Structure formats: C-alpha cells, structure tokens
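Undergrad: Structure file entry-v3.pdb (PDB, C-alpha atoms) right here:
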```
MODEL        1
ATOM      1  CA  MET A   1      13.568 -19.720  53.747  1.00  0.00           C
ATOM      2  CA  ASP A   2      17.120 -18.680  52.863  1.00  0.00           C
ATOM      3  CA  LEU A   3      17.400 -16.968  56.242  1.00  0.00           C
ATOM      4  CA  VAL A   4      16.300 -20.165  57.998  1.00  0.00           C
ATOM      5  CA  THR A   5      18.964 -22.148  56.145  1.00  0.00           C
ATOM      6  CA  GLU A   6      21.626 -19.591  57.087  1.00  0.00           C
ATOM      7  CA  ILE A   7      20.522 -19.641  60.717  1.00  0.00           C
ATOM      8  CA  TYR A   8      20.669 -23.447  60.867  1.00  0.00           C
ATOM      9  CA  GLU A   9      24.187 -23.413  59.402  1.00  0.00           C
ATOM     10  CA  LEU A  10      25.306 -20.742  61.860  1.00  0.00           C
ATOM     11  CA  LEU A  11      23.857 -22.584  64.852  1.00  0.00           C
ATOM     12  CA  ARG A  12      26.000 -25.635  64.057  1.00  0.00           C
ATOM     13  CA  THR A  13      28.984 -23.576  65.254  1.00  0.00           C
ATOM     14  CA  PHE A  14      27.458 -22.769  68.665  1.00  0.00           C
ATOM     15  CA  PRO A  15      28.677 -24.601  71.778  1.00  0.00           C
ATOM     16  CA  GLN A  16      26.916 -27.864  72.626  1.00  0.00           C
ATOM     17  CA  GLU A  17      25.546 -26.427  75.886  1.00  0.00           C
ATOM     18  CA  GLU A  18      23.448 -23.965  73.847  1.00  0.00           C
ATOM     19  CA  LYS A  19      21.749 -26.714  71.824  1.00  0.00           C
ATOM     20  CA  TYR A  20      18.574 -26.697  73.941  1.00  0.00           C
ATOM     21  CA  ALA A  21      18.693 -23.092  75.056  1.00  0.00           C
ATOM     22  CA  LEU A  22      19.615 -20.212  72.755  1.00  0.00           C
ATOM     23  CA  CYS A  23      19.916 -22.380  69.614  1.00  0.00           C
ATOM     24  CA  ASP A  24      16.443 -23.794  70.062  1.00  0.00           C
ATOM     25  CA  GLN A  25      14.954 -20.346  70.629  1.00  0.00           C
ATOM     26  CA  ILE A  26      16.670 -18.858  67.562  1.00  0.00           C
ATOM     27  CA  ARG A  27      15.692 -21.841  65.430  1.00  0.00           C
ATOM     28  CA  ARG A  28      12.022 -21.618  66.417  1.00  0.00           C
ATOM     29  CA  ALA A  29      11.866 -17.859  65.817  1.00  0.00           C
ATOM     30  CA  ALA A  30      13.542 -18.145  62.401  1.00  0.00           C
ATOM     31  CA  VAL A  31      11.302 -21.012  61.250  1.00  0.00           C
ATOM     32  CA  SER A  32       8.260 -19.032  62.380  1.00  0.00           C
ATOM     33  CA  VAL A  33       8.957 -16.273  59.826  1.00  0.00           C
ATOM     34  CA  PRO A  34       8.239 -18.174  56.571  1.00  0.00           C
ATOM     35  CA  SER A  35       5.734 -20.460  58.311  1.00  0.00           C
ATOM     36  CA  ASN A  36       3.504 -17.545  59.285  1.00  0.00           C
ATOM     37  CA  ILE A  37       3.822 -15.994  55.841  1.00  0.00           C
ATOM     38  CA  ALA A  38       2.678 -19.268  54.275  1.00  0.00           C
ATOM     39  CA  GLU A  39      -0.192 -19.702  56.705  1.00  0.00           C
ATOM     40  CA  GLY A  40      -1.297 -16.096  56.330  1.00  0.00           C
ATOM     41  CA  MET A  41      -1.311 -16.173  52.554  1.00  0.00           C
ATOM     42  CA  SER A  42      -3.587 -19.209  52.662  1.00  0.00           C
ATOM     43  CA  ARG A  43      -6.247 -17.236  54.541  1.00  0.00           C
ATOM     44  CA  PHE A  44      -9.161 -15.733  52.672  1.00  0.00           C
ATOM     45  CA  SER A  45      -9.586 -12.451  54.511  1.00  0.00           C
ATOM     46  CA  ASN A  46      -7.085  -9.621  54.213  1.00  0.00           C
ATOM     47  CA  LYS A  47      -7.374  -8.984  57.952  1.00  0.00           C
ATOM     48  CA  GLU A  48      -6.151 -12.519  58.683  1.00  0.00           C
ATOM     49  CA  LYS A  49      -3.381 -12.242  56.098  1.00  0.00           C
ATOM     50  CA  ILE A  50      -2.108  -9.063  57.734  1.00  0.00           C
ATOM     51  CA  GLN A  51      -2.327 -10.610  61.199  1.00  0.00           C
ATOM     52  CA  PHE A  52      -0.049 -13.471  60.131  1.00  0.00           C
ATOM     53  CA  LEU A  53       2.363 -11.071  58.407  1.00  0.00           C
ATOM     54  CA  ASN A  54       2.560  -9.116  61.672  1.00  0.00           C
ATOM     55  CA  ILE A  55       3.324 -12.320  63.576  1.00  0.00           C
ATOM     56  CA  SER A  56       5.976 -13.141  60.986  1.00  0.00           C
ATOM     57  CA  ASN A  57       7.530  -9.703  61.433  1.00  0.00           C
ATOM     58  CA  GLY A  58       7.583 -10.180  65.201  1.00  0.00           C
ATOM     59  CA  SER A  59       9.376 -13.502  64.783  1.00  0.00           C
ATOM     60  CA  LEU A  60      11.852 -11.833  62.439  1.00  0.00           C
ATOM     61  CA  MET A  61      12.654  -9.188  65.053  1.00  0.00           C
ATOM     62  CA  GLU A  62      12.911 -11.873  67.738  1.00  0.00           C
ATOM     63  CA  THR A  63      15.411 -13.746  65.567  1.00  0.00           C
ATOM     64  CA  MET A  64      17.517 -10.613  65.123  1.00  0.00           C
ATOM     65  CA  CYS A  65      17.448  -9.863  68.845  1.00  0.00           C
ATOM     66  CA  GLN A  66      18.661 -13.359  69.671  1.00  0.00           C
ATOM     67  CA  ILE A  67      21.403 -13.169  67.051  1.00  0.00           C
ATOM     68  CA  GLU A  68      22.563  -9.937  68.686  1.00  0.00           C
ATOM     69  CA  ILE A  69      22.602 -11.673  72.061  1.00  0.00           C
ATOM     70  CA  ALA A  70      24.672 -14.468  70.511  1.00  0.00           C
ATOM     71  CA  LYS A  71      27.051 -11.853  69.084  1.00  0.00           C
ATOM     72  CA  ARG A  72      27.468 -10.186  72.464  1.00  0.00           C
ATOM     73  CA  ILE A  73      28.208 -13.555  74.064  1.00  0.00           C
ATOM     74  CA  GLY A  74      30.802 -14.229  71.374  1.00  0.00           C
ATOM     75  CA  TYR A  75      29.057 -16.963  69.397  1.00  0.00           C
ATOM     76  CA  VAL A  76      28.538 -14.822  66.275  1.00  0.00           C
ATOM     77  CA  SER A  77      31.208 -12.737  64.555  1.00  0.00           C
ATOM     78  CA  GLN A  78      30.671  -9.140  63.490  1.00  0.00           C
ATOM     79  CA  GLU A  79      30.740 -10.236  59.850  1.00  0.00           C
ATOM     80  CA  GLU A  80      28.119 -12.948  60.410  1.00  0.00           C
ATOM     81  CA  TYR A  81      25.982 -10.520  62.376  1.00  0.00           C
ATOM     82  CA  LEU A  82      26.088  -7.850  59.657  1.00  0.00           C
ATOM     83  CA  HIS A  83      25.210 -10.404  56.988  1.00  0.00           C
ATOM     84  CA  ILE A  84      22.167 -11.603  58.928  1.00  0.00           C
ATOM     85  CA  GLU A  85      21.174  -8.036  59.798  1.00  0.00           C
ATOM     86  CA  LYS A  86      21.199  -7.127  56.092  1.00  0.00           C
ATOM     87  CA  ASN A  87      19.009 -10.107  55.237  1.00  0.00           C
ATOM     88  CA  VAL A  88      16.614  -9.364  58.095  1.00  0.00           C
ATOM     89  CA  SER A  89      16.289  -5.743  56.949  1.00  0.00           C
ATOM     90  CA  GLU A  90      15.451  -6.880  53.414  1.00  0.00           C
ATOM     91  CA  ILE A  91      12.847  -9.342  54.681  1.00  0.00           C
ATOM     92  CA  ALA A  92      11.317  -6.683  56.972  1.00  0.00           C
ATOM     93  CA  TYR A  93      11.020  -4.363  53.971  1.00  0.00           C
ATOM     94  CA  MET A  94       9.358  -7.085  51.889  1.00  0.00           C
ATOM     95  CA  LEU A  95       6.898  -7.862  54.695  1.00  0.00           C
ATOM     96  CA  SER A  96       6.046  -4.177  55.033  1.00  0.00           C
ATOM     97  CA  SER A  97       5.501  -3.858  51.286  1.00  0.00           C
ATOM     98  CA  LEU A  98       3.281  -6.926  51.219  1.00  0.00           C
ATOM     99  CA  ARG A  99       1.207  -5.623  54.154  1.00  0.00           C
ATOM    100  CA  LYS A 100       0.724  -2.300  52.341  1.00  0.00           C
ATOM    101  CA  LYS A 101      -0.284  -4.055  49.134  1.00  0.00           C
ATOM    102  CA  ILE A 102      -2.859  -6.189  50.945  1.00  0.00           C
ATOM    103  CA  THR A 103      -4.178  -3.192  52.908  1.00  0.00           C
ATOM    104  CA  ASN A 104      -4.674  -1.143  49.733  1.00  0.00           C
ATOM    105  CA  ARG A 105      -6.704  -3.829  47.924  1.00  0.00           C
TER     106      ARG A 105
ENDMDL
END
```
What is this file in structure tokens?
TA:
Amino acid sequence: MDLVTEIYELLRTFPQEEKYALCDQIRRAAVSVPSNIAEGMSRFSNKEKIQFLNISNGSLMETMCQIEIAKRIGYVSQEEYLHIEKNVSEIAYMLSSLRKKITNR
C-alpha cells in the first residue's frame, strides 16, 4: 500500500495530457498489487493463493516497466526511479517468500 501511495503522489507531477494515458495505466497496475494479495489471501486453497500472488507480481513488474517508460520520457527523475525500484525489489522479494511459504505448507 505504501508503494501505491508513493505512485499516486508521483503521478500528480505528470503533465495533464498523461492523466488518462500513462498515469491511468500506472495507477491501475500499482493498485492491482495489494488488491490481488488481499484477494488471494482470502482464498481457501493454496493453489488459488499462489495464483493471486503471481498476478500481483505481474502487476508489480508492469508498474516498474511503466515507471521506467516515464523516466525515459522525462517524467520521473533518476532519484525517484531508484527509490521506486528499491521498493519494488523489496516487494518482489516478499511476494516470492510468501509464495514459497505457502507452497511448502
């Protein structure tokens, strides 16, 4: 959820013409990360839990890809990019650890 908050704050600095294009896409991908974790953890079967964690991981990677695009276009600074990249790496590690824990039950 912290990543989503950071993304929303960052997107406020994007040009107005990106409001319904890149901003919307980044916003939806970022929100999908914790949403799929929450939905997956509410499922009863481990197979379903893992499926939702995989979807969450895909959304996380999609978010990072779009942030890199925004950086290349000049909407995101190197410092902002590195900060988000660090957070994304930590979240990816946590998702991987959780998947392993569920798999080994």
Undergrad: Go through A:Glu68, A:Glu48, A:Asp2, A:Glu17 and flag the residue nearest Val31 of chain A, using only C-alpha atoms for the distances.
TA: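 Of the candidates, the smallest distance to Val31 of chain A is held by A:Asp2.
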Undergrad: Contacts of segment 55-67 of chain A at 6 Å or less, counting all atoms listed in the file, minus same-chain residues fewer than 6 places along, as a ChimeraX atom specification?
TA: /A:26,29-30,33,36
Undergrad: Using the chain letters and numbers from the file, give me the residues hit by the PyMOL selection byres ((chain A and resi 71) around 12), as number ranges by chain.
TA: A: 10-11, 14, 22, 64-70, 72-82, 84-85
Undergrad: Calculate how many Å separate atom CA of Tyr8 of chain A from atom CA of Ala21 of chain A, rounding to one decimal.
TA: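 Here the two named atoms are 14.3 Å from each other.
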Undergrad: Would you pick out the contacts of Lys49 of chain A at 8 Å or less, using only C-alpha atoms, so that residues sharing its chain but fewer than 5 positions from it are not included, and give the list as a ChimeraX atom specification?
TA: /A:40-44,102
Undergrad: How far is it from atom CA of Arg27 of chain A to atom CA of Tyr93 of chain A, in Å with one decimal?
TA: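 Separation of atom CA of Arg27 of chain A and atom CA of Tyr93 of chain A: 21.4 Å.
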Undergrad: Mind giving me the straight-line distance from atom CA of Asn46 of chain A to atom CA of Thr103 of chain A in Å, one decimal?
TA: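 Between these atoms lies a distance of 7.2 Å.
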Undergrad: Mind writing segment 72-104 of chain A to a file for me, with N, CA and C atoms, as a JSON list (two decimals), in the first residue's frame?
TA:
```json
[["chain", "number", "residue", "atom", "x", "y", "z"],
["A", 72, "ARG", "N", 12.21, 7.45, -18.96],
["A", 72, "ARG", "CA", 12.82, 7.68, -20.28],
["A", 72, "ARG", "C", 12.20, 8.87, -20.99],
["A", 73, "ILE", "N", 10.92, 9.11, -20.75],
["A", 73, "ILE", "CA", 10.22, 10.24, -21.35],
["A", 73, "ILE", "C", 10.60, 11.55, -20.64],
["A", 74, "GLY", "N", 11.07, 11.41, -19.39],
["A", 74, "GLY", "CA", 11.48, 12.59, -18.64],
["A", 74, "GLY", "C", 10.50, 13.02, -17.57],
["A", 75, "TYR", "N", 9.53, 12.17, -17.24],
["A", 75, "TYR", "CA", 8.55, 12.49, -16.22],
["A", 75, "TYR", "C", 9.01, 12.10, -14.83],
["A", 76, "VAL", "N", 9.99, 11.20, -14.74],
["A", 76, "VAL", "CA", 10.47, 10.68, -13.46],
["A", 76, "VAL", "C", 11.98, 10.90, -13.41],
["A", 77, "SER", "N", 12.46, 11.43, -12.31],
["A", 77, "SER", "CA", 13.90, 11.66, -12.15],
["A", 77, "SER", "C", 14.61, 10.34, -11.83],
["A", 78, "GLN", "N", 15.91, 10.35, -11.98],
["A", 78, "GLN", "CA", 16.72, 9.17, -11.65],
["A", 78, "GLN", "C", 16.55, 8.82, -10.17],
["A", 79, "GLU", "N", 16.53, 9.82, -9.32],
["A", 79, "GLU", "CA", 16.37, 9.58, -7.88],
["A", 79, "GLU", "C", 15.01, 8.95, -7.57],
["A", 80, "GLU", "N", 13.96, 9.48, -8.17],
["A", 80, "GLU", "CA", 12.62, 8.91, -7.96],
["A", 80, "GLU", "C", 12.56, 7.48, -8.47],
["A", 81, "TYR", "N", 13.15, 7.27, -9.63],
["A", 81, "TYR", "CA", 13.17, 5.94, -10.23],
["A", 81, "TYR", "C", 13.87, 4.93, -9.32],
["A", 82, "LEU", "N", 15.04, 5.29, -8.83],
["A", 82, "LEU", "CA", 15.81, 4.38, -7.96],
["A", 82, "LEU", "C", 15.07, 4.09, -6.66],
["A", 83, "HIS", "N", 14.39, 5.07, -6.13],
["A", 83, "HIS", "CA", 13.60, 4.86, -4.91],
["A", 83, "HIS", "C", 12.48, 3.85, -5.16],
["A", 84, "ILE", "N", 11.76, 4.03, -6.24],
["A", 84, "ILE", "CA", 10.67, 3.11, -6.57],
["A", 84, "ILE", "C", 11.23, 1.73, -6.90],
["A", 85, "GLU", "N", 12.32, 1.68, -7.63],
["A", 85, "GLU", "CA", 12.94, 0.39, -7.97],
["A", 85, "GLU", "C", 13.33, -0.39, -6.71],
["A", 86, "LYS", "N", 13.86, 0.30, -5.72],
["A", 86, "LYS", "CA", 14.23, -0.34, -4.45],
["A", 86, "LYS", "C", 12.99, -0.91, -3.77],
["A", 87, "ASN", "N", 11.93, -0.13, -3.71],
["A", 87, "ASN", "CA", 10.69, -0.60, -3.09],
["A", 87, "ASN", "C", 10.09, -1.78, -3.84],
["A", 88, "VAL", "N", 10.11, -1.72, -5.15],
["A", 88, "VAL", "CA", 9.58, -2.81, -5.98],
["A", 88, "VAL", "C", 10.39, -4.09, -5.75],
["A", 89, "SER", "N", 11.70, -3.96, -5.65],
["A", 89, "SER", "CA", 12.55, -5.14, -5.40],
["A", 89, "SER", "C", 12.22, -5.77, -4.05],
["A", 90, "GLU", "N", 12.01, -4.94, -3.05],
["A", 90, "GLU", "CA", 11.65, -5.45, -1.72],
["A", 90, "GLU", "C", 10.30, -6.16, -1.74],
["A", 91, "ILE", "N", 9.34, -5.58, -2.43],
["A", 91, "ILE", "CA", 8.02, -6.20, -2.53],
["A", 91, "ILE", "C", 8.10, -7.51, -3.31],
["A", 92, "ALA", "N", 8.88, -7.54, -4.39],
["A", 92, "ALA", "CA", 9.04, -8.77, -5.17],
["A", 92, "ALA", "C", 9.64, -9.88, -4.30],
["A", 93, "TYR", "N", 10.60, -9.51, -3.47],
["A", 93, "TYR", "CA", 11.21, -10.49, -2.56],
["A", 93, "TYR", "C", 10.18, -11.02, -1.56],
["A", 94, "MET", "N", 9.38, -10.12, -1.01],
["A", 94, "MET", "CA", 8.36, -10.53, -0.04],
["A", 94, "MET", "C", 7.33, -11.45, -0.70],
["A", 95, "LEU", "N", 6.92, -11.12, -1.93],
["A", 95, "LEU", "CA", 5.97, -11.98, -2.64],
["A", 95, "LEU", "C", 6.55, -13.36, -2.89],
["A", 96, "SER", "N", 7.81, -13.40, -3.28],
["A", 96, "SER", "CA", 8.48, -14.68, -3.53],
["A", 96, "SER", "C", 8.56, -15.51, -2.26],
["A", 97, "SER", "N", 8.90, -14.86, -1.16],
["A", 97, "SER", "CA", 8.98, -15.56, 0.13],
["A", 97, "SER", "C", 7.62, -16.10, 0.55],
["A", 98, "LEU", "N", 6.59, -15.31, 0.36],
["A", 98, "LEU", "CA", 5.24, -15.74, 0.73],
["A", 98, "LEU", "C", 4.80, -16.92, -0.14],
["A", 99, "ARG", "N", 5.10, -16.87, -1.44],
["A", 99, "ARG", "CA", 4.76, -17.99, -2.33],
["A", 99, "ARG", "C", 5.46, -19.26, -1.87],
["A", 100, "LYS", "N", 6.74, -19.16, -1.52],
["A", 100, "LYS", "CA", 7.49, -20.33, -1.05],
["A", 100, "LYS", "C", 6.90, -20.88, 0.23],
["A", 101, "LYS", "N", 6.52, -19.99, 1.14],
["A", 101, "LYS", "CA", 5.95, -20.43, 2.41],
["A", 101, "LYS", "C", 4.63, -21.17, 2.17],
["A", 102, "ILE", "N", 3.80, -20.65, 1.32],
["A", 102, "ILE", "CA", 2.52, -21.29, 1.02],
["A", 102, "ILE", "C", 2.73, -22.63, 0.30],
["A", 103, "THR", "N", 3.68, -22.69, -0.61],
["A", 103, "THR", "CA", 3.98, -23.90, -1.36],
["A", 103, "THR", "C", 4.48, -25.01, -0.45],
["A", 104, "ASN", "N", 5.24, -24.65, 0.57],
["A", 104, "ASN", "CA", 5.85, -25.64, 1.46],
["A", 104, "ASN", "C", 4.95, -26.06, 2.62]]
```
